[in-house]
file work_20.txt (compact mmCIF, C-alpha atoms)
# COMPACT_ATOMS: atom_id res chain seq x y z
CA MET A 731 -18.20 15.28 -4.44
CA ASN A 732 -18.72 12.49 -1.96
CA THR A 733 -19.88 13.95 1.34
CA LEU A 734 -17.81 11.65 3.57
CA GLU A 735 -14.34 12.97 4.45
CA ILE A 736 -12.25 9.82 4.38
CA PRO A 737 -8.45 9.87 4.80
CA GLU A 738 -6.51 8.88 1.67
CA PRO A 739 -4.83 5.77 3.19
CA THR A 740 -8.32 4.54 4.17
CA VAL A 741 -9.63 5.11 0.64
CA LYS A 742 -6.71 3.08 -0.75
CA ARG A 743 -7.32 0.25 1.70
CA LEU A 744 -11.06 0.23 0.92
CA SER A 745 -10.14 -0.62 -2.69
CA SER A 746 -7.87 -3.42 -1.41
CA TYR A 747 -10.61 -4.82 0.84
CA LEU A 748 -12.90 -4.82 -2.18
CA LEU A 749 -10.53 -7.01 -4.22
CA VAL A 750 -10.44 -9.53 -1.35
CA LEU A 751 -14.23 -9.35 -0.90
CA LEU A 752 -14.87 -10.06 -4.57
CA GLN A 753 -12.78 -13.22 -4.24
CA LEU A 754 -14.67 -14.25 -1.09
CA GLN A 755 -17.97 -13.65 -2.87
CA GLU A 756 -16.85 -15.91 -5.70
CA GLN A 757 -16.08 -18.59 -3.11
CA GLY A 758 -19.64 -18.23 -1.78
CA LYS A 759 -18.64 -16.74 1.58
CA ARG A 760 -21.37 -14.63 3.24
CA TYR A 761 -19.58 -13.18 6.29
CA VAL A 762 -16.04 -11.96 6.94
CA SER A 763 -14.33 -10.74 10.12
CA SER A 764 -11.96 -7.80 10.41
CA ASN A 765 -9.26 -10.32 11.39
CA GLU A 766 -9.66 -12.24 8.14
CA LEU A 767 -9.48 -9.05 6.05
CA ALA A 768 -6.47 -7.84 8.04
CA ASP A 769 -4.61 -11.12 7.48
CA GLU A 770 -5.20 -10.96 3.72
CA LEU A 771 -3.69 -7.46 3.53
CA PHE A 772 -0.89 -7.87 6.09
CA ILE A 773 -2.25 -5.12 8.35
CA GLU A 774 -3.62 -4.90 11.91
CA SER A 775 -7.28 -5.80 12.39
CA GLY A 776 -7.79 -2.60 14.41
CA LYS A 777 -6.98 -0.65 11.25
CA VAL A 778 -9.70 -2.50 9.34
CA ARG A 779 -12.30 -1.64 12.00
CA LYS A 780 -11.13 1.98 12.07
CA ASP A 781 -11.36 2.20 8.26
CA PHE A 782 -14.92 0.89 8.35
CA GLN A 783 -15.80 3.44 11.05
CA TYR A 784 -14.54 6.25 8.79
CA ALA A 785 -16.63 4.77 5.97
CA ARG A 786 -19.63 4.31 8.33
CA ILE A 787 -19.81 0.64 7.53
CA LYS A 788 -21.35 -1.52 10.27
CA GLY A 789 -20.64 -5.11 11.27
CA ARG A 790 -22.79 -7.57 13.23
CA PRO A 791 -21.70 -8.79 16.66
CA LYS A 792 -20.06 -12.24 16.37
CA ARG A 793 -20.92 -12.79 12.70
CA GLY A 794 -18.68 -10.00 11.36
CA TYR A 795 -19.40 -8.08 8.20
CA GLU A 796 -21.79 -9.23 5.49
CA VAL A 797 -19.81 -9.65 2.25
CA PRO A 798 -22.42 -8.36 -0.26
CA TYR A 799 -23.17 -5.38 2.00
CA LEU A 800 -19.46 -4.51 2.30
CA ILE A 801 -19.00 -4.72 -1.48
CA GLN A 802 -22.02 -2.50 -2.07
CA GLU A 803 -20.93 0.11 0.48
CA ILE A 804 -17.32 0.28 -0.75
CA ASP A 805 -18.48 0.57 -4.38
CA ARG A 806 -20.79 3.40 -3.35
CA ILE A 807 -18.06 5.29 -1.47
CA LEU A 808 -15.49 4.90 -4.27
CA ASN A 809 -18.11 5.79 -6.89
CA TRP A 810 -17.56 2.38 -8.49
CA THR A 811 -21.24 1.48 -8.86
CA GLY A 812 -20.79 1.79 -12.61
CA PRO A 813 -17.86 2.84 -14.78
CA LYS A 814 -17.63 6.56 -15.58
CA PRO A 815 -16.63 7.71 -19.07
CA ALA A 816 -12.93 8.61 -19.19
CA ILE A 817 -10.33 9.60 -21.78
CA ILE A 818 -6.64 8.93 -22.05
CA ILE A 819 -4.13 11.52 -23.22
CA GLY A 820 -1.17 9.84 -24.90
CA ALA A 821 -1.48 6.70 -27.00
CA GLY A 822 2.13 5.50 -26.65
CA SER A 823 3.11 2.22 -25.02
CA LEU A 824 1.72 3.02 -21.55
CA GLY A 825 -1.50 4.50 -22.98
CA THR A 826 -1.93 1.47 -25.22
CA ALA A 827 -1.43 -0.91 -22.28
CA MET A 828 -4.01 1.00 -20.26
CA LEU A 829 -6.56 0.95 -23.07
CA GLY A 830 -6.26 -2.84 -23.03
CA TYR A 831 -6.53 -3.20 -19.25
CA GLU A 832 -9.97 -4.70 -18.71
CA ASN A 833 -9.98 -4.35 -14.91
CA PHE A 834 -10.56 -0.59 -15.16
CA ASN A 835 -14.26 -1.23 -15.78
CA ARG A 836 -14.42 -2.73 -12.30
CA TYR A 837 -12.42 0.19 -10.87
CA GLY A 838 -14.88 2.84 -11.96
CA ILE A 839 -13.71 4.07 -15.37
CA LYS A 840 -14.32 3.18 -19.01
CA PHE A 841 -12.29 4.72 -21.83
CA MET A 842 -14.51 6.52 -24.37
CA GLY A 843 -11.71 8.31 -26.19
CA ALA A 844 -7.95 8.60 -26.57
CA PHE A 845 -5.82 11.51 -27.77
CA ASP A 846 -2.32 11.96 -29.05
CA VAL A 847 -0.14 14.79 -30.34
CA ASP A 848 1.35 12.52 -33.02
CA ARG A 849 -0.78 12.75 -36.19
CA ARG A 850 0.45 9.33 -37.35
CA ARG A 851 -1.49 7.71 -34.50
CA VAL A 852 -4.72 9.63 -35.19
CA GLY A 853 -7.49 7.40 -36.58
CA MET A 854 -5.94 4.20 -35.22
CA ASP A 855 -8.16 1.85 -33.25
CA ILE A 856 -6.56 0.54 -30.04
CA HIS A 857 -8.57 -2.07 -28.12
CA GLY A 858 -11.78 -0.62 -29.57
CA VAL A 859 -11.00 3.03 -28.84
CA LYS A 860 -10.31 5.47 -31.69
CA ILE A 861 -7.29 7.77 -31.33
CA SER A 862 -8.14 11.45 -31.93
CA HIS A 863 -5.83 14.43 -32.28
CA ILE A 864 -5.24 16.50 -29.15
CA ASP A 865 -6.85 19.48 -30.96
CA ASP A 866 -10.22 17.73 -30.70
CA LEU A 867 -9.98 17.36 -26.90
CA GLU A 868 -12.57 19.98 -25.97
CA SER A 869 -15.27 18.84 -28.39
CA VAL A 870 -15.09 15.19 -27.26
CA VAL A 871 -14.96 16.00 -23.53
CA LYS A 872 -17.94 18.34 -23.81
CA SER A 873 -20.09 16.24 -26.16
CA LYS A 874 -19.62 13.03 -24.16
CA GLY A 875 -19.71 14.68 -20.72
CA ILE A 876 -16.37 13.16 -19.74
CA LYS A 877 -15.20 13.89 -16.19
CA ILE A 878 -12.00 11.84 -15.85
CA ALA A 879 -8.74 12.01 -17.81
CA VAL A 880 -5.66 9.79 -17.61
CA MET A 881 -2.40 11.48 -18.64
CA THR A 882 0.26 9.23 -20.15
CA LEU A 883 2.13 11.70 -22.39
CA PRO A 884 5.91 11.66 -21.92
CA GLY A 885 6.10 15.23 -20.63
CA GLU A 886 5.79 18.14 -23.05
CA ASN A 887 3.09 20.79 -22.49
CA ILE A 888 1.44 18.73 -19.76
CA GLN A 889 0.34 21.72 -17.67
CA GLU A 890 -1.09 23.46 -20.75
CA ILE A 891 -3.12 20.37 -21.72
CA THR A 892 -4.28 20.08 -18.09
CA ASP A 893 -5.59 23.64 -18.16
CA ARG A 894 -7.52 22.82 -21.35
CA LEU A 895 -8.96 19.65 -19.78
CA VAL A 896 -10.15 21.54 -16.72
CA LYS A 897 -11.72 24.30 -18.82
CA ALA A 898 -13.56 21.66 -20.86
CA GLY A 899 -15.10 20.16 -17.69
CA ILE A 900 -12.74 17.42 -16.50
CA LYS A 901 -13.05 16.91 -12.71
CA GLY A 902 -10.38 14.29 -12.08
CA ILE A 903 -6.92 13.69 -13.56
CA TRP A 904 -4.78 10.60 -13.07
CA ASN A 905 -1.29 11.71 -14.00
CA PHE A 906 1.52 9.40 -15.13
CA ALA A 907 3.50 12.10 -16.96
CA PRO A 908 6.93 12.77 -15.39
CA VAL A 909 5.76 16.18 -14.16
CA ARG A 910 3.76 16.98 -11.03
CA LEU A 911 0.47 18.60 -11.94
CA GLY A 912 -1.35 21.41 -10.23
CA ALA A 913 -5.08 21.84 -10.73
CA PRO A 914 -7.58 24.42 -9.56
CA GLU A 915 -10.03 24.01 -6.67
CA GLY A 916 -12.69 21.40 -7.33
CA VAL A 917 -10.50 19.26 -9.59
CA ALA A 918 -8.89 16.13 -8.15
CA VAL A 919 -5.37 15.28 -9.30
CA VAL A 920 -3.69 12.01 -8.42
CA ASN A 921 -0.02 12.11 -9.35
CA ALA A 922 1.10 8.56 -10.08
CA GLN A 923 4.60 9.03 -11.46
CA PHE A 924 6.51 5.78 -11.80
CA SER A 925 9.60 7.69 -10.67
CA GLU A 926 8.07 8.41 -7.23
CA SER A 927 7.01 4.88 -6.53
CA LEU A 928 10.32 3.52 -7.82
CA ALA A 929 12.22 6.00 -5.63
CA VAL A 930 10.59 4.52 -2.52
CA LEU A 931 11.71 1.07 -3.64
CA THR A 932 15.28 1.74 -4.77
CA GLN A 933 16.02 3.94 -1.76
CA GLN A 934 15.66 0.80 0.36
CA VAL A 935 17.63 -1.56 -1.91
CA ASP A 936 21.36 -1.20 -1.92
CA MET B 856 20.11 -0.51 3.05
CA ASN B 857 20.58 3.23 2.97
CA THR B 858 21.55 4.44 6.44
CA LEU B 859 19.41 7.61 6.36
CA GLU B 860 15.88 7.18 7.72
CA ILE B 861 13.87 9.39 5.38
CA PRO B 862 10.05 9.56 5.52
CA GLU B 863 8.32 8.09 2.46
CA PRO B 864 6.62 11.35 1.34
CA THR B 865 10.07 13.01 1.40
CA VAL B 866 11.57 10.22 -0.70
CA LYS B 867 8.77 10.67 -3.25
CA ARG B 868 9.31 14.42 -3.38
CA LEU B 869 13.07 13.99 -3.76
CA SER B 870 12.38 12.13 -7.02
CA SER B 871 10.11 14.98 -8.14
CA TYR B 872 12.73 17.62 -7.30
CA LEU B 873 15.18 15.61 -9.37
CA LEU B 874 12.98 15.75 -12.47
CA VAL B 875 12.78 19.54 -12.12
CA LEU B 876 16.53 19.81 -11.45
CA LEU B 877 17.39 17.84 -14.59
CA GLN B 878 15.33 20.32 -16.62
CA LEU B 879 17.07 23.27 -14.92
CA GLN B 880 20.45 21.69 -15.64
CA GLU B 881 19.53 21.37 -19.31
CA GLN B 882 18.67 25.08 -19.29
CA GLY B 883 22.14 25.81 -17.88
CA LYS B 884 20.94 26.99 -14.47
CA ARG B 885 23.51 26.66 -11.66
CA TYR B 886 21.53 27.63 -8.55
CA VAL B 887 17.95 27.12 -7.44
CA SER B 888 16.05 28.35 -4.39
CA SER B 889 13.60 26.36 -2.29
CA ASN B 890 10.91 28.81 -3.45
CA GLU B 891 11.52 28.00 -7.10
CA LEU B 892 11.39 24.24 -6.47
CA ALA B 893 8.26 24.64 -4.35
CA ASP B 894 6.50 26.62 -7.10
CA GLU B 895 7.30 23.96 -9.70
CA LEU B 896 5.74 21.23 -7.54
CA PHE B 897 2.80 23.22 -6.11
CA ILE B 898 3.97 22.77 -2.51
CA GLU B 899 5.13 25.08 0.32
CA SER B 900 8.78 26.15 0.26
CA GLY B 901 9.12 25.20 3.95
CA LYS B 902 8.44 21.61 2.91
CA VAL B 903 11.31 21.72 0.42
CA ARG B 904 13.72 22.96 3.09
CA LYS B 905 12.48 20.33 5.55
CA ASP B 906 12.91 17.58 2.95
CA PHE B 907 16.49 18.68 2.31
CA GLN B 908 17.15 18.68 6.06
CA TYR B 909 15.97 15.06 6.27
CA ALA B 910 18.25 14.26 3.33
CA ARG B 911 21.13 16.26 4.90
CA ILE B 912 21.42 18.42 1.80
CA LYS B 913 22.84 21.90 2.42
CA GLY B 914 22.16 25.18 0.65
CA ARG B 915 24.24 28.36 0.52
CA PRO B 916 22.94 31.54 2.11
CA LYS B 917 21.42 33.85 -0.54
CA ARG B 918 22.51 31.77 -3.55
CA GLY B 919 20.30 28.78 -2.72
CA TYR B 920 21.15 25.22 -3.69
CA GLU B 921 23.71 24.29 -6.32
CA VAL B 922 21.93 22.31 -9.07
CA PRO B 923 24.65 19.72 -9.87
CA TYR B 924 25.22 19.11 -6.14
CA LEU B 925 21.47 18.59 -5.54
CA ILE B 926 21.23 16.14 -8.46
CA GLN B 927 24.24 14.20 -7.21
CA GLU B 928 22.94 14.01 -3.63
CA ILE B 929 19.42 12.96 -4.60
CA ASP B 930 20.77 10.31 -6.98
CA ARG B 931 22.96 9.00 -4.16
CA ILE B 932 20.09 8.84 -1.65
CA LEU B 933 17.70 7.15 -4.09
CA ASN B 934 20.43 4.76 -5.25
CA TRP B 935 20.03 6.14 -8.77
CA THR B 936 23.74 6.65 -9.46
CA GLY B 937 23.53 3.83 -11.99
CA PRO B 938 20.69 1.51 -13.02
CA LYS B 939 20.42 -1.74 -11.06
CA PRO B 940 19.60 -4.99 -12.86
CA ALA B 941 15.90 -5.83 -12.54
CA ILE B 942 13.44 -8.37 -13.87
CA ILE B 943 9.77 -8.17 -14.75
CA ILE B 944 7.28 -10.93 -13.95
CA GLY B 945 4.45 -10.91 -16.49
CA ALA B 946 4.94 -10.06 -20.15
CA GLY B 947 1.34 -9.03 -20.91
CA SER B 948 0.35 -5.55 -22.03
CA LEU B 949 1.52 -3.72 -18.88
CA GLY B 950 4.78 -5.69 -18.73
CA THR B 951 5.41 -5.01 -22.41
CA ALA B 952 4.79 -1.28 -21.94
CA MET B 953 7.20 -1.22 -19.02
CA LEU B 954 9.91 -3.05 -20.95
CA GLY B 955 9.68 -0.26 -23.53
CA TYR B 956 9.74 2.60 -21.03
CA GLU B 957 13.19 4.14 -21.46
CA ASN B 958 12.96 6.48 -18.46
CA PHE B 959 13.47 3.58 -16.04
CA ASN B 960 17.22 3.72 -16.72
CA ARG B 961 17.21 7.20 -15.22
CA TYR B 962 15.09 5.99 -12.28
CA GLY B 963 17.56 3.38 -11.13
CA ILE B 964 16.55 0.11 -12.83
CA LYS B 965 17.37 -1.72 -16.05
CA PHE B 966 15.49 -4.82 -17.15
CA MET B 967 17.80 -7.80 -17.65
CA GLY B 968 15.07 -10.43 -17.89
CA ALA B 969 11.34 -10.99 -18.18
CA PHE B 970 9.23 -13.98 -17.18
CA ASP B 971 5.79 -15.26 -17.98
CA VAL B 972 3.62 -18.25 -17.10
CA ASP B 973 2.33 -18.48 -20.69
CA ARG B 974 4.62 -20.74 -22.72
CA ARG B 975 3.53 -19.09 -25.97
CA ARG B 976 5.36 -15.92 -24.90
CA VAL B 977 8.57 -17.71 -23.92
CA GLY B 978 11.45 -16.97 -26.31
CA MET B 979 9.89 -13.74 -27.60
CA ASP B 980 12.06 -10.62 -27.64
CA ILE B 981 10.30 -7.52 -26.29
CA HIS B 982 12.26 -4.27 -26.57
CA GLY B 983 15.52 -6.22 -26.45
CA VAL B 984 14.61 -8.42 -23.47
CA LYS B 985 14.04 -12.15 -23.92
CA ILE B 986 10.97 -13.67 -22.25
CA SER B 987 11.77 -16.74 -20.12
CA HIS B 988 9.42 -19.21 -18.46
CA ILE B 989 8.63 -18.58 -14.80
CA ASP B 990 10.26 -21.96 -13.99
CA ASP B 991 13.65 -20.41 -14.82
CA LEU B 992 13.22 -17.56 -12.31
CA GLU B 993 15.69 -18.76 -9.70
CA SER B 994 18.56 -19.51 -12.08
CA VAL B 995 18.38 -16.09 -13.77
CA VAL B 996 18.01 -14.13 -10.52
CA LYS B 997 20.96 -15.96 -8.97
CA SER B 998 23.29 -15.98 -11.98
CA LYS B 999 22.78 -12.28 -12.75
CA GLY B 1000 22.65 -11.12 -9.11
CA ILE B 1001 19.27 -9.44 -9.64
CA LYS B 1002 17.89 -7.58 -6.63
CA ILE B 1003 14.71 -5.92 -7.95
CA ALA B 1004 11.56 -7.46 -9.44
CA VAL B 1005 8.53 -5.78 -10.98
CA MET B 1006 5.30 -7.79 -10.75
CA THR B 1007 2.78 -7.25 -13.54
CA LEU B 1008 0.98 -10.61 -13.57
CA PRO B 1009 -2.83 -10.36 -13.49
CA GLY B 1010 -3.15 -12.05 -10.10
CA GLU B 1011 -2.76 -15.84 -9.86
CA ASN B 1012 -0.16 -17.34 -7.48
CA ILE B 1013 1.39 -13.94 -6.81
CA GLN B 1014 2.29 -14.65 -3.19
CA GLU B 1015 3.85 -17.99 -4.15
CA ILE B 1016 5.99 -16.36 -6.86
CA THR B 1017 6.96 -13.65 -4.37
CA ASP B 1018 8.19 -16.26 -1.91
CA ARG B 1019 10.31 -17.80 -4.68
CA LEU B 1020 11.74 -14.37 -5.62
CA VAL B 1021 12.70 -13.63 -2.03
CA LYS B 1022 14.32 -17.04 -1.60
CA ALA B 1023 16.35 -16.47 -4.78
CA GLY B 1024 17.74 -13.19 -3.42
CA ILE B 1025 15.37 -10.41 -4.56
CA LYS B 1026 15.48 -7.45 -2.13
CA GLY B 1027 12.83 -5.15 -3.62
CA ILE B 1028 9.47 -5.81 -5.29
CA TRP B 1029 7.38 -3.27 -7.17
CA ASN B 1030 3.92 -4.81 -7.28
CA PHE B 1031 1.24 -3.95 -9.85
CA ALA B 1032 -0.70 -7.22 -9.44
CA PRO B 1033 -4.22 -6.71 -8.03
CA VAL B 1034 -3.19 -8.36 -4.74
CA ARG B 1035 -1.40 -6.74 -1.81
CA LEU B 1036 1.90 -8.45 -1.17
CA GLY B 1037 3.55 -9.29 2.09
CA ALA B 1038 7.30 -9.87 2.24
CA PRO B 1039 9.68 -10.88 4.98
CA GLU B 1040 11.98 -8.54 6.97
CA GLY B 1041 14.71 -7.03 4.84
CA VAL B 1042 12.71 -7.07 1.60
CA ALA B 1043 11.09 -3.84 0.42
CA VAL B 1044 7.66 -4.10 -1.20
CA VAL B 1045 6.01 -1.15 -2.89
CA ASN B 1046 2.40 -1.95 -3.70
CA ALA B 1047 1.39 0.12 -6.73
CA GLN B 1048 -2.05 -1.25 -7.59
CA PHE B 1049 -3.85 0.86 -10.18
CA SER B 1050 -7.05 0.18 -8.23
CA GLU B 1051 -5.73 2.04 -5.15
CA SER B 1052 -4.65 5.11 -6.99
CA LEU B 1053 -7.85 5.14 -9.05
CA ALA B 1054 -9.92 4.80 -5.86
CA VAL B 1055 -8.42 8.04 -4.53
CA LEU B 1056 -9.40 9.76 -7.77
CA THR B 1057 -12.91 8.43 -8.34
CA GLN B 1058 -13.88 8.86 -4.68
CA GLN B 1059 -13.56 12.61 -5.27
CA VAL B 1060 -15.35 12.74 -8.64
CA ASP B 1061 -19.10 12.39 -8.60
call {"tool": "encode", "arguments": {"input": "work_20.txt", "output": "structure tokens"}}
result
Amino acid sequence: MNTLEIPEPTVKRLSSYLLVLLQLQEQGKRYVSSNELADELFIESGKVRKDFQYARIKGRPKRGYEVPYLIQEIDRILNWTGPKPAIIIGAGSLGTAMLGYENFNRYGIKFMGAFDVDRRRVGMDIHGVKISHIDDLESVVKSKGIKIAVMTLPGENIQEITDRLVKAGIKGIWNFAPVRLGAPEGVAVVNAQFSESLAVLTQQVD
Amino acid sequence: MNTLEIPEPTVKRLSSYLLVLLQLQEQGKRYVSSNELADELFIESGKVRKDFQYARIKGRPKRGYEVPYLIQEIDRILNWTGPKPAIIIGAGSLGTAMLGYENFNRYGIKFMGAFDVDRRRVGMDIHGVKISHIDDLESVVKSKGIKIAVMTLPGENIQEITDRLVKAGIKGIWNFAPVRLGAPEGVAVVNAQFSESLAVLTQQVD
């Protein structure tokens, strides 16, 4: 576990700053101010400075923040210095799309395996990853030392599979299944149901 | 706009309660207590009661909440009483997966059109939806009275396309592009970058 206690909204914004910083780096920019970052993300510049205080990131008077230093520090805090081996549970349309999403390498994970309950999918190769049967979960997770799982099954037996993942050594679960997941102490669960995020949108649109 | 001012975490949980309630309804259950709902979602039962207060949903002493009434009220608040016409911008792998995701009908949206910048995709039929060129955005949005857009383009010109959407009459944008979006007053934007949600996960996994 990372030793810094950083509030979740700050962690999310750090990832957004990083996307902007990578663009600035490409443009050859060496320094950036909190005002510039704030403008890019439609937030207040005070929030940017506060976020960097939480992350213990320091700027230089007048010049602002050094771009390569900011990128390095954010990558370190998010554990994005190199992609971690991950698996995906569910090789349907969402799972397939995620296996083909190249940006994940930059966001700290790399898929080393995929699992499905449907035997017709087993053995298929999707974007270079072989689909295994869910029965082989434990052996793959243990032999490859996998710590992160992405759940894209449509909803059956999700909690049971989660318990198996945790027992096998998984430390983080990114859950897209239409079921909220509980996990024991020491295991991070990020529930990312489309229904939740869509609820926030449609509630505001008549 | 919905007249009730409901905090965002409550709105998200309302959608989660609904998923549980639909299962209970299938099992023929007529009443549910806040304790039962809380247990299903791994939260405190006081939070459930508070959420229902915000939503002005009433229970009955001893019997708890009536399942069909809860479903009806949550659907009303989330504007999920019937799916609203929506479009998707970007017919790559994520866009394609979303076009095939049948649950969206239950979560308040139905795709009536899809757009891409790549002319090779134009005219293709993906899960029953025809892909149009991004140049035809305005005419489709206006003629079909579309209010919701889902953004799954990889990142170029996103803000420019957003401005066009808003001008054409779009009132809600669900953004998966790796760029935070700003939108004018009266337009709801839900930024749902995978990078943000993954940051929260990987930051906790060493």
call {"tool": "residues_around", "arguments": {"input": "work_20.txt", "residues": "segment 859-870 of chain B", "least_positions_apart": "2", "cutoff": "8 Å", "atoms": "only C-alpha atoms", "output": "PDB file with C-alpha atoms, in the frame of the given file"}}
result
ATOM      1  CA  SER A 925       9.600   7.690 -10.670  1.00  0.00           C
ATOM      2  CA  GLU A 926       8.070   8.410  -7.230  1.00  0.00           C
ATOM      3  CA  SER A 927       7.010   4.880  -6.530  1.00  0.00           C
ATOM      4  CA  ALA A 929      12.220   6.000  -5.630  1.00  0.00           C
ATOM      5  CA  VAL A 930      10.590   4.520  -2.520  1.00  0.00           C
ATOM      6  CA  GLN A 933      16.020   3.940  -1.760  1.00  0.00           C
TER       7      GLN A 933
ATOM      8  CA  ASN B 857      20.580   3.230   2.970  1.00  0.00           C
ATOM      9  CA  TYR B 872      12.730  17.620  -7.300  1.00  0.00           C
ATOM     10  CA  LEU B 873      15.180  15.610  -9.370  1.00  0.00           C
ATOM     11  CA  LEU B 874      12.980  15.750 -12.470  1.00  0.00           C
ATOM     12  CA  ASP B 906      12.910  17.580   2.950  1.00  0.00           C
ATOM     13  CA  TYR B 909      15.970  15.060   6.270  1.00  0.00           C
ATOM     14  CA  ALA B 910      18.250  14.260   3.330  1.00  0.00           C
ATOM     15  CA  ILE B 929      19.420  12.960  -4.600  1.00  0.00           C
ATOM     16  CA  LEU B 933      17.700   7.150  -4.090  1.00  0.00           C
TER      17      LEU B 933
END
call {"tool": "closest_residue", "arguments": {"input": "work_20.txt", "among": "B:Arg976, B:Arg1019, B:His988, B:Arg1035", "to": "chain A", "atoms": "only C-alpha atoms"}}
result
B:Arg1035
call {"tool": "residues_around", "arguments": {"input": "work_20.txt", "residues": "Asn835 of chain A", "least_positions_apart": "4", "cutoff": "6 Å", "atoms": "only C-alpha atoms", "output": "number ranges by chain"}}
result
A: 813, 839-840
call {"tool": "axis_aligned_box", "arguments": {"input": "work_20.txt", "around": "segment 740-759 of chain A", "padding_each_side": "6 Å", "output": "AutoDock Vina command-line options"}}
result
--center_x -13.2 --center_y -6.7 --center_z -0.8 --size_x 24.9 --size_y 35.7 --size_z 21.9
call {"tool": "closest_residue", "arguments": {"input": "work_20.txt", "among": "B:Ile944, B:Ile1003, B:Val922, B:Ala1023", "to": "chain A", "atoms": "only C-alpha atoms"}}
result
B:Ile1003
call {"tool": "residues_around", "arguments": {"input": "work_20.txt", "residues": "segment 880-891 of chain A", "least_positions_apart": "5", "cutoff": "6 Å", "atoms": "all atoms listed in the file", "output": "CSV table (one decimal) with C-alpha atoms, keeping the file's coordinate frame"}}
result
chain,number,residue,atom,x,y,z
A,818,ILE,CA,-6.6,8.9,-22.0
A,819,ILE,CA,-4.1,11.5,-23.2
A,820,GLY,CA,-1.2,9.8,-24.9
A,825,GLY,CA,-1.5,4.5,-23.0
A,903,ILE,CA,-6.9,13.7,-13.6
A,904,TRP,CA,-4.8,10.6,-13.1
A,905,ASN,CA,-1.3,11.7,-14.0
A,906,PHE,CA,1.5,9.4,-15.1
A,907,ALA,CA,3.5,12.1,-17.0
A,908,PRO,CA,6.9,12.8,-15.4
call {"tool": "closest_residue", "arguments": {"input": "work_20.txt", "among": "A:Val871, A:Ala879, A:Val935, A:Val909", "to": "Leu876 of chain B", "atoms": "all atoms listed in the file"}}
result
A:Val909
call {"tool": "decode", "arguments": {"input": "work_20.txt", "residues": "segment 790-794 of chain A", "atoms": "all heavy atoms", "output": "short mmCIF file (atom, residue, chain, number, x, y, z; two decimals), in the first residue's frame"}}
result
data_model
loop_
_atom_site.label_atom_id
_atom_site.label_comp_id
_atom_site.auth_asym_id
_atom_site.auth_seq_id
_atom_site.Cartn_x
_atom_site.Cartn_y
_atom_site.Cartn_z
N ARG A 790 8.11 25.68 -7.93
CA ARG A 790 9.15 26.68 -7.73
C ARG A 790 8.52 28.06 -7.83
O ARG A 790 7.75 28.31 -8.75
CB ARG A 790 10.22 26.57 -8.81
CG ARG A 790 11.05 25.34 -8.67
CD ARG A 790 12.16 25.37 -9.71
NE ARG A 790 12.82 24.07 -9.73
CZ ARG A 790 13.92 23.83 -10.42
NH1 ARG A 790 14.48 24.77 -11.16
NH2 ARG A 790 14.46 22.64 -10.39
N PRO A 791 8.91 28.97 -6.90
CA PRO A 791 8.33 30.31 -6.96
C PRO A 791 8.50 30.91 -8.36
O PRO A 791 9.57 30.77 -8.96
CB PRO A 791 9.14 31.09 -5.93
CG PRO A 791 9.81 30.07 -5.06
CD PRO A 791 9.92 28.83 -5.84
N LYS A 792 7.46 31.49 -8.88
CA LYS A 792 7.42 32.17 -10.18
C LYS A 792 7.41 31.22 -11.39
O LYS A 792 6.63 31.39 -12.30
CB LYS A 792 8.57 33.19 -10.32
CG LYS A 792 8.35 34.41 -9.45
CD LYS A 792 9.43 35.45 -9.67
CE LYS A 792 9.25 36.56 -8.63
NZ LYS A 792 10.44 37.33 -8.42
N ARG A 793 8.28 30.20 -11.38
CA ARG A 793 8.36 29.35 -12.56
C ARG A 793 7.23 28.33 -12.63
O ARG A 793 6.89 27.85 -13.69
CB ARG A 793 9.68 28.55 -12.54
CG ARG A 793 10.90 29.42 -12.64
CD ARG A 793 12.07 28.57 -13.04
NE ARG A 793 12.52 28.92 -14.38
CZ ARG A 793 13.63 28.46 -14.92
NH1 ARG A 793 14.39 27.59 -14.26
NH2 ARG A 793 13.98 28.80 -16.13
N GLY A 794 6.66 27.97 -11.45
CA GLY A 794 5.61 26.96 -11.43
C GLY A 794 6.17 25.57 -11.20
O GLY A 794 7.20 25.41 -10.53
#
